[in-house]
file work17.cif (mmCIF, C-alpha atoms)
data_model
#
loop_
_atom_site.label_atom_id
_atom_site.label_comp_id
_atom_site.auth_asym_id
_atom_site.auth_seq_id
_atom_site.Cartn_x
_atom_site.Cartn_y
_atom_site.Cartn_z
CA MET S 251 136.45 99.78 113.39
CA VAL S 252 136.90 102.39 110.69
CA LYS S 253 139.05 105.51 110.90
CA LEU S 254 137.96 108.65 109.08
CA THR S 255 138.33 112.40 109.29
CA ILE S 256 135.38 114.76 109.67
CA ASN S 257 136.13 118.49 109.53
CA GLY S 258 139.78 117.77 110.30
CA ARG S 259 138.99 115.65 113.35
CA GLU S 260 140.15 112.05 113.29
CA ILE S 261 137.43 109.75 114.54
CA THR S 262 136.95 106.00 114.86
CA VAL S 263 133.54 104.42 114.47
CA GLU S 264 132.11 100.97 113.90
CA GLU S 265 131.93 99.61 110.38
CA GLY S 266 128.52 100.01 108.74
CA THR S 267 127.83 103.37 110.40
CA THR S 268 126.58 106.18 108.16
CA ILE S 269 128.59 109.40 107.96
CA LEU S 270 125.66 111.21 109.60
CA HIS S 271 125.63 108.91 112.62
CA ALA S 272 129.43 108.97 112.89
CA ALA S 273 129.30 112.77 112.94
CA ARG S 274 126.48 112.83 115.46
CA GLU S 275 128.30 110.45 117.82
CA ASN S 276 131.18 112.93 117.79
CA ASN S 277 129.05 116.01 118.29
CA ILE S 278 129.45 117.28 114.74
CA TYR S 279 126.19 118.83 113.56
CA ILE S 280 124.76 118.00 110.14
CA PRO S 281 121.23 119.29 109.46
CA THR S 282 118.59 116.82 108.27
CA LEU S 283 114.83 116.52 108.05
CA CYS S 284 114.12 113.04 106.78
CA GLU S 285 116.57 111.01 108.86
CA ASN S 286 114.87 108.71 111.36
CA GLU S 287 116.67 105.98 113.29
CA ALA S 288 113.60 103.74 113.28
CA VAL S 289 113.54 103.27 109.51
CA ALA S 290 116.00 102.46 106.75
CA PRO S 291 117.98 105.44 105.39
CA TYR S 292 116.24 107.05 102.42
CA GLY S 293 118.01 110.30 101.46
CA ALA S 294 114.95 112.36 100.56
CA CYS S 295 115.57 115.85 101.95
CA ARG S 296 119.20 116.21 100.78
CA LEU S 297 119.96 118.65 103.62
CA CYS S 298 122.64 116.34 105.02
CA LEU S 299 124.83 116.66 101.90
CA VAL S 300 128.56 116.63 102.70
CA GLU S 301 131.73 116.75 100.64
CA ILE S 302 133.92 113.67 100.78
CA THR S 303 137.36 112.70 99.54
CA THR S 304 137.85 108.96 99.36
CA ALA S 305 141.12 107.24 100.32
CA ARG S 306 141.92 107.09 96.59
CA GLY S 307 141.52 110.84 96.26
CA ARG S 308 138.12 111.07 94.55
CA GLU S 309 135.99 114.03 95.54
CA ARG S 310 132.21 113.81 95.65
CA LEU S 311 129.07 115.22 97.20
CA VAL S 312 127.05 112.60 99.06
CA THR S 313 124.05 112.46 101.37
CA SER S 314 125.60 111.59 104.72
CA CYS S 315 122.49 109.74 105.92
CA ILE S 316 123.02 107.03 103.30
CA TYR S 317 126.79 106.94 102.77
CA LEU S 318 128.60 104.42 104.96
CA VAL S 319 131.96 105.26 106.53
CA GLU S 320 135.12 104.04 104.80
CA GLU S 321 138.71 103.71 105.95
CA GLY S 322 140.66 106.89 105.19
CA LEU S 323 137.59 108.92 104.19
CA THR S 324 137.82 112.69 104.57
CA VAL S 325 134.49 114.42 105.18
CA ARG S 326 133.79 118.16 105.18
CA THR S 327 130.38 119.23 106.47
CA ASP S 328 130.55 123.02 106.34
CA THR S 329 132.44 124.21 103.29
CA GLU S 330 131.44 127.20 101.19
CA ARG S 331 130.09 124.84 98.50
CA ILE S 332 127.98 122.85 100.98
CA GLY S 333 126.65 126.08 102.46
CA ARG S 334 125.60 127.31 99.04
CA ILE S 335 123.81 124.07 98.18
CA ARG S 336 122.13 123.88 101.56
CA ARG S 337 120.86 127.46 101.28
CA MET S 338 119.44 126.66 97.84
CA LEU S 339 117.71 123.56 99.22
CA LEU S 340 116.26 125.61 102.06
CA GLU S 341 114.98 128.23 99.64
CA LEU S 342 113.26 125.48 97.65
CA LEU S 343 111.79 124.00 100.84
CA LEU S 344 110.64 127.45 101.97
CA ALA S 345 108.84 127.90 98.64
CA ARG S 346 107.28 124.47 99.00
CA CYS S 347 106.21 124.71 102.65
CA ALA S 348 106.09 128.36 103.63
CA ASP S 349 104.01 127.56 106.74
CA SER S 350 106.40 125.05 108.29
CA GLU S 351 108.06 126.21 111.52
CA VAL S 352 110.77 123.56 111.30
CA ILE S 353 111.86 124.64 107.84
CA HIS S 354 111.84 128.30 108.91
CA ASP S 355 114.09 127.43 111.85
CA LEU S 356 116.54 125.53 109.63
CA ALA S 357 116.51 128.39 107.13
CA ARG S 358 117.17 130.94 109.86
CA GLN S 359 120.15 128.90 111.07
CA ALA S 360 121.58 129.02 107.56
CA SER S 361 120.71 132.74 107.31
CA VAL S 362 118.17 132.18 104.57
CA THR S 363 115.48 134.77 105.12
CA ARG S 364 113.53 134.69 101.88
CA THR S 365 112.98 132.52 98.86
CA ARG S 366 113.38 133.55 95.24
CA PHE S 367 111.01 130.84 94.09
CA THR S 368 107.27 131.04 93.63
CA LYS S 369 105.57 130.05 96.86
CA GLN S 370 103.43 126.97 96.50
CA THR S 371 100.17 126.41 98.29
CA GLY S 372 98.43 123.14 99.01
CA ASN S 373 101.44 121.09 100.06
CA ASN S 374 100.26 121.39 103.66
CA LYS S 375 103.80 121.28 105.11
CA CYS S 376 104.57 117.94 103.42
CA ILE S 377 108.08 117.65 101.98
CA LEU S 378 107.49 114.14 100.53
CA CYS S 379 110.22 112.50 102.63
CA ALA S 380 107.89 109.53 103.18
CA ASN S 381 108.97 109.15 106.82
CA CYS S 382 105.32 108.46 107.65
CA ALA S 383 104.83 105.77 105.01
CA ARG S 384 108.18 104.17 105.78
CA THR S 385 107.41 104.07 109.50
CA CYS S 386 103.95 102.68 108.77
CA GLU S 387 105.38 99.90 106.62
CA GLU S 388 108.70 99.11 108.33
CA VAL S 389 107.87 99.67 112.00
CA VAL S 390 104.12 99.22 112.33
CA GLY S 391 103.86 96.71 109.46
CA VAL S 392 100.63 98.16 108.08
CA ALA S 393 101.47 100.33 105.02
CA ALA S 394 98.28 102.37 105.09
CA ILE S 395 99.57 105.37 103.13
CA SER S 396 102.09 105.88 100.33
CA LEU S 397 103.44 108.38 97.86
CA ALA S 398 101.31 108.47 94.73
CA ARG S 399 101.63 109.96 91.24
CA ARG S 400 104.85 111.53 90.01
CA GLY S 401 106.70 114.78 89.44
CA VAL S 402 104.84 117.93 90.49
CA ASP S 403 101.71 115.87 91.23
CA ARG S 404 103.44 113.63 93.77
CA GLU S 405 101.54 113.42 97.04
CA MET S 406 101.51 111.49 100.28
CA THR S 407 98.06 109.99 100.30
CA THR S 408 95.78 107.09 101.11
CA PRO S 409 94.85 104.54 98.42
CA PHE S 410 92.52 106.22 95.88
CA ASN S 411 92.90 109.56 97.68
CA GLU S 412 90.01 108.76 99.99
CA ASP S 413 89.41 109.90 103.55
CA PHE S 414 89.71 106.25 104.45
CA SER S 415 92.30 103.50 104.58
CA GLU S 416 91.07 99.97 105.12
CA VAL S 417 94.23 98.83 106.89
CA CYS S 418 95.07 101.94 108.96
CA ILE S 419 94.88 101.17 112.68
CA GLY S 420 95.05 104.80 113.80
CA CYS S 421 98.21 104.36 115.85
CA GLY S 422 99.51 107.80 114.87
CA SER S 423 103.07 106.70 114.11
CA CYS S 424 102.88 108.72 110.90
CA ALA S 425 102.16 111.91 112.84
CA TYR S 426 104.91 111.07 115.32
CA SER S 427 107.53 110.46 112.63
CA CYS S 428 106.69 113.49 110.46
CA PRO S 429 109.60 115.98 110.66
CA THR S 430 107.52 118.99 109.60
CA SER S 431 104.26 118.25 111.50
CA ALA S 432 102.42 117.84 108.22
CA ILE S 433 100.43 115.04 109.86
CA THR S 434 98.52 115.78 113.03
CA LEU S 435 96.48 113.78 115.46
CA GLU S 436 93.57 114.96 117.61
CA ASP S 437 91.96 112.94 120.39
CA THR S 438 88.59 114.17 121.63
CA ASP S 439 85.82 112.34 123.51
CA GLY S 440 86.44 108.83 122.33
CA THR S 441 87.40 109.74 118.76
CA ARG S 442 90.77 110.19 117.19
CA VAL S 443 91.18 112.14 113.97
CA ILE S 444 94.37 111.76 111.95
CA ASN S 445 94.94 114.59 109.49
CA TRP S 446 97.22 113.58 106.64
CA PRO S 447 98.39 116.27 104.21
CA HIS S 448 95.49 115.60 101.85
CA ASN S 449 93.13 113.27 103.67
CA GLN S 450 91.77 112.62 107.13
CA MET S 451 90.24 109.69 108.94
CA GLU S 452 88.32 109.15 112.15
CA PHE S 453 88.89 106.33 114.62
CA LYS S 454 86.81 105.11 117.53
CA MET S 455 88.81 104.92 120.76
CA LYS S 456 88.66 102.09 123.26
CA ALA S 457 87.69 102.99 126.82
CA CYS S 458 89.40 101.32 129.77
CA SER S 459 87.03 98.98 131.62
CA VAL S 460 88.43 100.12 134.98
CA CYS S 461 89.18 103.86 134.85
CA GLY S 462 87.10 104.66 131.78
CA LYS S 463 89.91 106.56 130.10
CA TYR S 464 90.14 106.33 126.30
CA TRP S 465 93.56 104.82 125.79
CA ALA S 466 93.96 103.51 122.21
CA PRO S 467 92.05 103.25 118.93
CA GLU S 468 89.92 100.11 118.77
CA LYS S 469 91.48 99.10 115.48
CA GLN S 470 94.96 99.34 116.97
CA VAL S 471 94.01 97.19 119.96
CA GLU S 472 92.53 94.59 117.59
CA TYR S 473 95.70 94.71 115.48
CA VAL S 474 97.97 94.23 118.50
CA ALA S 475 95.86 91.32 119.77
CA ARG S 476 95.85 89.70 116.31
CA THR S 477 99.58 90.06 115.60
CA SER S 478 100.65 89.01 119.08
CA GLY S 479 98.21 86.10 119.23
CA THR S 480 96.73 87.20 122.55
CA PRO S 481 92.98 87.27 123.31
CA LEU S 482 91.24 90.61 122.81
CA SER S 483 89.92 90.44 126.40
CA ASP S 484 93.49 91.02 127.64
CA TYR S 485 93.12 94.57 126.42
CA ASP S 486 89.92 95.59 128.21
CA ALA S 487 91.85 97.65 130.75
CA CYS S 488 94.38 100.33 129.88
CA PRO S 489 98.08 99.66 130.62
CA ASP S 490 97.85 101.72 133.85
CA CYS S 491 94.95 99.66 135.24
CA ARG S 492 96.21 96.27 134.07
CA GLU S 493 97.40 93.81 136.72
CA MET Y 126 82.18 94.05 82.95
CA GLU Y 127 80.81 92.64 86.18
CA VAL Y 128 82.91 92.88 89.32
CA LYS Y 129 82.88 89.09 89.59
CA GLU Y 130 84.18 88.75 86.05
CA LEU Y 131 86.94 91.30 86.76
CA LYS Y 132 88.03 89.41 89.85
CA GLU Y 133 88.21 86.18 87.84
CA LYS Y 134 90.45 87.92 85.27
CA VAL Y 135 92.74 89.18 88.05
CA LYS Y 136 92.98 85.66 89.43
CA GLN Y 137 94.02 84.29 86.04
CA VAL Y 138 96.73 86.94 85.57
CA LEU Y 139 98.07 86.36 89.10
CA GLN Y 140 98.20 82.62 88.43
CA LYS Y 141 100.11 83.25 85.19
CA TYR Y 142 102.80 85.08 87.16
CA GLN Y 143 102.67 82.54 90.02
CA LEU Y 144 101.80 85.26 92.54
CA ASP Y 145 105.25 86.81 92.15
CA GLU Y 146 105.00 90.31 93.57
CA SER Y 147 108.32 91.39 92.03
CA VAL Y 148 106.67 91.59 88.59
CA LEU Y 149 103.87 93.87 89.80
CA VAL Y 150 104.25 96.20 86.80
CA ASP Y 151 103.83 93.32 84.31
CA ILE Y 152 100.85 92.06 86.27
CA LEU Y 153 99.20 95.48 86.16
CA HIS Y 154 99.93 95.71 82.41
CA ASP Y 155 98.21 92.40 81.78
CA ILE Y 156 95.26 93.27 83.99
CA GLN Y 157 94.86 96.59 82.22
CA ALA Y 158 94.96 94.84 78.84
CA GLU Y 159 92.14 92.57 80.07
CA CYS Y 160 89.98 95.22 81.73
CA GLY Y 161 90.81 98.29 79.64
CA TYR Y 162 91.82 100.23 82.73
CA LEU Y 163 92.53 99.59 86.41
CA PRO Y 164 89.27 99.80 88.39
CA LYS Y 165 89.44 100.14 92.17
CA GLU Y 166 88.03 96.64 92.76
CA VAL Y 167 90.72 95.16 90.53
CA LEU Y 168 93.55 96.84 92.44
CA GLU Y 169 92.02 95.71 95.73
CA GLU Y 170 91.80 92.14 94.42
CA THR Y 171 95.43 92.32 93.24
CA SER Y 172 96.48 93.51 96.69
CA ARG Y 173 94.64 90.64 98.37
CA GLY Y 174 95.90 88.06 95.88
CA LEU Y 175 99.56 89.06 96.08
CA GLY Y 176 99.59 90.02 99.73
CA VAL Y 177 101.03 93.41 98.77
CA PRO Y 178 99.68 96.49 100.61
CA LEU Y 179 97.06 98.37 98.59
CA SER Y 180 98.99 101.59 99.22
CA ARG Y 181 101.99 100.25 97.30
CA ILE Y 182 99.87 99.05 94.40
CA TYR Y 183 98.18 102.44 94.25
CA SER Y 184 101.59 104.10 94.34
CA VAL Y 185 102.86 102.03 91.39
CA ALA Y 186 99.63 102.29 89.40
CA THR Y 187 99.59 106.09 89.68
CA PHE Y 188 103.32 106.49 89.01
CA PHE Y 189 103.40 105.12 85.48
CA LYS Y 190 101.68 107.00 82.70
CA ALA Y 191 100.85 103.70 80.99
CA PHE Y 192 98.32 102.88 83.70
CA SER Y 193 94.92 104.48 83.95
CA LEU Y 194 92.60 104.34 86.94
CA GLU Y 195 89.81 105.86 84.87
CA PRO Y 196 87.92 104.04 82.08
CA ARG Y 197 89.55 104.56 78.70
CA GLY Y 198 88.16 104.48 75.19
CA ARG Y 199 88.44 101.48 72.87
CA HIS Y 200 90.88 103.45 70.73
CA LEU Y 201 93.73 105.29 72.38
CA ILE Y 202 94.81 108.34 70.38
CA HIS Y 203 98.31 109.67 70.94
CA VAL Y 204 99.05 112.98 69.29
CA CYS Y 205 102.79 113.64 69.15
CA THR Y 206 103.72 117.07 70.50
CA GLY Y 207 107.48 116.60 70.17
CA THR Y 208 109.65 119.38 68.75
CA ALA Y 209 109.57 118.20 65.11
CA CYS Y 210 105.83 117.57 65.12
CA HIS Y 211 105.28 120.90 66.87
CA VAL Y 212 107.20 122.73 64.15
CA ARG Y 213 105.21 120.87 61.52
CA GLY Y 214 101.93 122.06 63.01
CA THR Y 215 100.77 119.48 65.54
CA VAL Y 216 99.08 122.18 67.63
CA LYS Y 217 96.45 122.70 64.90
CA VAL Y 218 96.03 118.93 64.52
CA LEU Y 219 95.46 118.54 68.26
CA GLU Y 220 92.99 121.42 68.31
CA LYS Y 221 91.06 119.86 65.45
CA MET Y 222 91.16 116.50 67.17
CA GLU Y 223 89.74 117.96 70.40
CA GLN Y 224 87.06 119.73 68.39
CA ALA Y 225 86.14 116.64 66.35
CA LEU Y 226 85.87 114.44 69.45
CA GLY Y 227 84.38 117.11 71.69
CA ILE Y 228 86.87 116.38 74.50
CA LYS Y 229 90.04 117.87 75.93
CA THR Y 230 93.45 116.21 75.99
CA GLY Y 231 93.51 113.46 78.63
CA GLU Y 232 89.77 112.86 78.43
CA THR Y 233 87.62 110.05 77.04
CA THR Y 234 84.54 110.45 74.85
CA SER Y 235 81.27 109.66 76.62
CA ASP Y 236 80.64 106.66 74.32
CA LEU Y 237 84.02 105.22 75.44
CA LYS Y 238 85.19 105.14 71.82
CA PHE Y 239 88.27 107.38 71.98
CA THR Y 240 90.74 108.56 74.60
CA LEU Y 241 92.92 111.51 73.59
CA GLU Y 242 96.42 111.88 74.93
CA THR Y 243 99.64 113.58 73.90
CA VAL Y 244 103.06 112.00 73.66
CA ASN Y 245 106.42 113.75 73.43
CA CYS Y 246 108.12 111.85 70.61
CA VAL Y 247 107.58 108.56 68.83
CA GLY Y 248 110.82 108.61 66.84
CA ALA Y 249 109.19 109.18 63.47
CA CYS Y 250 109.95 112.90 63.27
CA ALA Y 251 110.39 112.88 59.48
CA LEU Y 252 106.73 111.91 59.17
CA GLY Y 253 105.39 114.53 61.57
CA PRO Y 254 102.91 115.53 62.74
CA MET Y 255 102.34 111.98 63.96
CA VAL Y 256 99.10 110.62 65.37
CA ILE Y 257 99.02 107.09 66.76
CA ILE Y 258 95.63 105.44 67.11
CA GLY Y 259 95.84 102.10 68.84
CA GLU Y 260 98.63 100.31 66.96
CA ASN Y 261 98.33 102.36 63.77
CA TYR Y 262 100.68 105.22 62.92
CA HIS Y 263 99.31 108.10 60.88
CA GLY Y 264 101.98 110.44 59.52
CA GLU Y 265 101.91 113.91 57.94
CA MET Y 266 98.62 114.74 59.63
CA THR Y 267 96.84 118.00 58.91
CA PRO Y 268 93.64 119.40 60.42
CA GLU Y 269 91.91 118.35 57.16
CA THR Y 270 92.91 114.67 57.50
CA VAL Y 271 91.77 114.36 61.13
CA GLY Y 272 88.15 113.70 60.20
CA PRO Y 273 88.81 111.04 57.51
CA VAL Y 274 91.32 109.22 59.75
CA LEU Y 275 88.91 109.07 62.69
CA GLU Y 276 86.20 107.61 60.41
CA ASN Y 277 88.28 104.43 60.04
CA TYR Y 278 87.62 103.55 63.67
CA ASN Y 279 84.43 102.39 65.24
#
call {"tool": "encode", "arguments": {"input": "work17.cif", "output": "C-alpha cells"}}
result
Amino acid sequence: MVKLTINGREITVEEGTTILHAARENNIYIPTLCENEAVAPYGACRLCLVEITTARGRERLVTSCIYLVEEGLTVRTDTERIGRIRRMLLELLLARCADSEVIHDLARQASVTRTRFTKQTGNNKCILCANCARTCEEVVGVAAISLARRGVDREMTTPFNEDFSEVCIGCGSCAYSCPTSAITLEDTDGTRVINWPHNQMEFKMKACSVCGKYWAPEKQVEYVARTSGTPLSDYDACPDCRE
Amino acid sequence: MEVKELKEKVKQVLQKYQLDESVLVDILHDIQAECGYLPKEVLEETSRGLGVPLSRIYSVATFFKAFSLEPRGRHLIHVCTGTACHVRGTVKVLEKMEQALGIKTGETTSDLKFTLETVNCVGACALGPMVIIGENYHGEMTPETVGPVLENYN
C-alpha cells in the first residue's frame, strides 16, 4: 500500500494505481476525456493535469492518468495554475470541436464560455485521443482504424482513407469508447452503418433464426466463432433465444 | 512493375529482416527503395507477411515524410527553404523550378522524371540557395542555373 496526499487529504491506495484512479476512489474529481479503464493509459487529452510534489521535494506538472502513486507524494488537483492550464486546454478543444456537447459541458464547468482561437471545421468532434483505435486493438483485437499522418493533418481514419476496412467486424466498440461521440452507429433494417470522423462503412446484420431479430453484424459473429473455435451454427439464434 | 513482382520484392525484404516487426521503418525504407514508393498492394502484402495490422502500417507510412504513398519521379528534387537559403533568394529558385517542370511543390511530373519537394535545412547554408537532386548537391543556385542543372538529368 502507498500513502499519499491529494488536496490535503491523506489517502492510502494500492501500489501501481494511477493518481487519477486514486483520486477517483476517494471521491476527488479530476476531469478527463481520454481515460478509459478498458485500455492502457495514454495521456492524450491532458485535461487530467495535476501538480505534484515528490517525497524529495521536486515540483512538477503531470498527467494523473499516467502517473503512478508514490510514497509521500503530494498532489494538488485544483490550484490556480492548474485551473489556468485547464481553461487554456478547454479553449483549444472548443476551437477544435465547437460542435461537441461533452467539451461544451466541461468548458462550462470550468467557466470557459468562449475561445480566442480560430474555430476549426472538419474535425467532426474528434479530439485524436485514439480511444477508438486503442479499444479496437487492445480489447477487440482487430485494429481496424488508426491515427494517420502528422501534425495538423493528423486524423483518425481507416487504412488508405477508404470507406472500408478489411478487418473491421462492425462491433461498434469504437463508437462506444469515443468520449466525444465523434463515432456513431446506426442500425436499420438489417444494416449497420458506422460513421467514423472521416469515413463510414456498412455492415450486414445477422437475423436470429428463432425470433428474426437482427442481433449482431455477420462479420462480428464470424469473428467470434473463429476466435473462440466454436462452430458458426452455434450462433444462428440470438442470445435471448439460445438454449 | 507488376503486382506479382512487387509482392516478390516485399517477400525478399521481409526475409532479409527475418519478419521482425520491430524494424518496420527500415523494412518500409527498403521496400520504398525497391519500388520507388509504397503502393497499396505492397503495404497490404507487408501487413500479411509480418502479421501487423494494416492500420498500423498505414499509420507509420503516413507519419514519416520520407515515405510516399504516391508514385514519385526518378529524380527527387529538394529545394532548401531554410532561413539562409530564403535570404539568398530560394523563393525565386523554387518558382523557376516549378515553372520549368510545370508542377507545384509536392507534385511529380507526368513522365515520372522529377518530384519536387522543399526541405527546411540541409546544413550547407554557406552555399545557399541549395538544391539537392537525388544524391547531388547543387549550391549557389539562381533562377538562371535551374535550367542547365535540370538538363543533367534524364
call {"tool": "residues_around", "arguments": {"input": "work17.cif", "residues": "Val135 in chain Y", "least_positions_apart": "5", "cutoff": "12 Å", "atoms": "only C-alpha atoms", "output": "list in words"}}
result
Val128, Lys129, Glu130, Gln140, Lys141, Tyr142, Leu144, Ile152, Leu153, His154, Asp155, Ile156, Gln157, Ala158, Glu159, Cys160, Leu163, Pro164, Glu166, Val167, Leu168, Glu169, Glu170, Thr171, Ser172, Arg173, Gly174 and Leu175 of chain Y
call {"tool": "axis_aligned_box", "arguments": {"input": "work17.cif", "around": "range 264-267 of chain S", "padding_each_side": "5 Å", "output": "JSON"}}
result
{"center_x": 130.0, "center_y": 101.5, "center_z": 111.3, "size_x": 14.3, "size_y": 13.8, "size_z": 15.2}
call {"tool": "closest_atom_pairs", "arguments": {"input": "work17.cif", "of": "chain S", "to": "chain Y", "cutoff": "8 Å", "atoms": "all atoms listed in the file", "output": "CSV"}}
result
residue,atom,partner,partner_atom,distance
S:Val392,CA,Y:Pro178,CA,7.7
S:Ala393,CA,Y:Pro178,CA,6.1
S:Ala394,CA,Y:Ser180,CA,6.0
S:Ile395,CA,Y:Ser180,CA,5.5
S:Ser396,CA,Y:Ser180,CA,5.4
S:Leu397,CA,Y:Ser184,CA,5.8
S:Ala398,CA,Y:Ser184,CA,4.4
S:Arg399,CA,Y:Phe188,CA,4.5
S:Arg400,CA,Y:Phe188,CA,5.4
S:Thr408,CA,Y:Ser180,CA,6.6
S:Pro409,CA,Y:Ser180,CA,5.1
S:Phe410,CA,Y:Tyr183,CA,7.0
call {"tool": "resolve_selection", "arguments": {"input": "work17.cif", "expression": "the PyMOL selection byres ((chain S and resi 452) around 12)", "output": "PyMOL selection string"}}
result
chain S and resi 413-416+418-422+435-438+440-446+449-451+453-455+467-469
call {"tool": "atom_distance", "arguments": {"input": "work17.cif", "atom1": "CA of Lys132 in chain Y", "atom2": "CA of Val150 in chain Y"}}
result
17.8 Å
call {"tool": "atom_distance", "arguments": {"input": "work17.cif", "atom1": "CA of Ala475 in chain S", "atom2": "CA of Val417 in chain S"}}
result
15.0 Å
call {"tool": "residues_around", "arguments": {"input": "work17.cif", "residues": "range 275-290 of chain S", "least_positions_apart": "5", "cutoff": "7 Å", "atoms": "all atoms listed in the file", "output": "CSV table (one decimal) with C-alpha atoms, keeping the file's coordinate frame"}}
result
chain,number,residue,atom,x,y,z
S,270,LEU,CA,125.7,111.2,109.6
S,295,CYS,CA,115.6,115.8,102.0
S,297,LEU,CA,120.0,118.6,103.6
S,298,CYS,CA,122.6,116.3,105.0
S,315,CYS,CA,122.5,109.7,105.9
S,327,THR,CA,130.4,119.2,106.5
S,379,CYS,CA,110.2,112.5,102.6
S,381,ASN,CA,109.0,109.2,106.8
S,384,ARG,CA,108.2,104.2,105.8
S,385,THR,CA,107.4,104.1,109.5
S,388,GLU,CA,108.7,99.1,108.3
S,429,PRO,CA,109.6,116.0,110.7
call {"tool": "residues_around", "arguments": {"input": "work17.cif", "residues": "Thr303 in chain S", "least_positions_apart": "2", "cutoff": "12 Å", "atoms": "all atoms listed in the file", "output": "PyMOL selection string"}}
result
chain S and resi 254-257+300-301+305-312+319-327
call {"tool": "resolve_selection", "arguments": {"input": "work17.cif", "expression": "the PyMOL selection byres ((chain S and resi 462) around 12)", "output": "list in words"}}
result
Asp439, Gly440, Met455, Lys456, Ala457, Cys458, Ser459, Val460, Cys461, Lys463, Tyr464, Trp465, Ala466, Asp486, Ala487, Cys488, Asp490 and Cys491 of chain S
call {"tool": "write_last_selection", "arguments": {"input": "work17.cif", "atoms": "C-alpha atoms", "output": "compact mmCIF listing (two decimals), keeping the file's coordinate frame"}}
result
# COMPACT_ATOMS: atom_id res chain seq x y z
CA ASP S 439 85.82 112.34 123.51
CA GLY S 440 86.44 108.83 122.33
CA MET S 455 88.81 104.92 120.76
CA LYS S 456 88.66 102.09 123.26
CA ALA S 457 87.69 102.99 126.82
CA CYS S 458 89.40 101.32 129.77
CA SER S 459 87.03 98.98 131.62
CA VAL S 460 88.43 100.12 134.98
CA CYS S 461 89.18 103.86 134.85
CA LYS S 463 89.91 106.56 130.10
CA TYR S 464 90.14 106.33 126.30
CA TRP S 465 93.56 104.82 125.79
CA ALA S 466 93.96 103.51 122.21
CA ASP S 486 89.92 95.59 128.21
CA ALA S 487 91.85 97.65 130.75
CA CYS S 488 94.38 100.33 129.88
CA ASP S 490 97.85 101.72 133.85
CA CYS S 491 94.95 99.66 135.24
call {"tool": "atom_distance", "arguments": {"input": "work17.cif", "atom1": "CA of Val474 in chain S", "atom2": "CA of Cys424 in chain S"}}
result
17.1 Å
call {"tool": "resolve_selection", "arguments": {"input": "work17.cif", "expression": "the PyMOL selection byres ((chain Y and resi 263-271) around 6)", "output": "VMD selection string"}}
result
chain Y and resid 218 221 252 to 257 262 272 to 274
call {"tool": "residues_around", "arguments": {"input": "work17.cif", "residues": "Tyr162 in chain Y", "least_positions_apart": "6", "cutoff": "9 Å", "atoms": "all atoms listed in the file", "output": "mmCIF file with C-alpha atoms, in the frame of the given file"}}
result
data_model
loop_
_atom_site.group_PDB
_atom_site.id
_atom_site.type_symbol
_atom_site.label_atom_id
_atom_site.label_comp_id
_atom_site.auth_asym_id
_atom_site.auth_seq_id
_atom_site.Cartn_x
_atom_site.Cartn_y
_atom_site.Cartn_z
ATOM 1 C CA ILE Y 156 95.260 93.270 83.990
ATOM 2 C CA PHE Y 192 98.320 102.880 83.700
ATOM 3 C CA SER Y 193 94.920 104.480 83.950
ATOM 4 C CA LEU Y 194 92.600 104.340 86.940
ATOM 5 C CA GLU Y 195 89.810 105.860 84.870
ATOM 6 C CA PRO Y 196 87.920 104.040 82.080
ATOM 7 C CA ARG Y 197 89.550 104.560 78.700
#
call {"tool": "residues_around", "arguments": {"input": "work17.cif", "residues": "Cys205 in chain Y", "least_positions_apart": "3", "cutoff": "6 Å", "atoms": "all atoms listed in the file", "output": "list of chain:residue names"}}
result
Y:Thr243, Y:Val244, Y:Asn245, Y:Cys246, Y:Met255
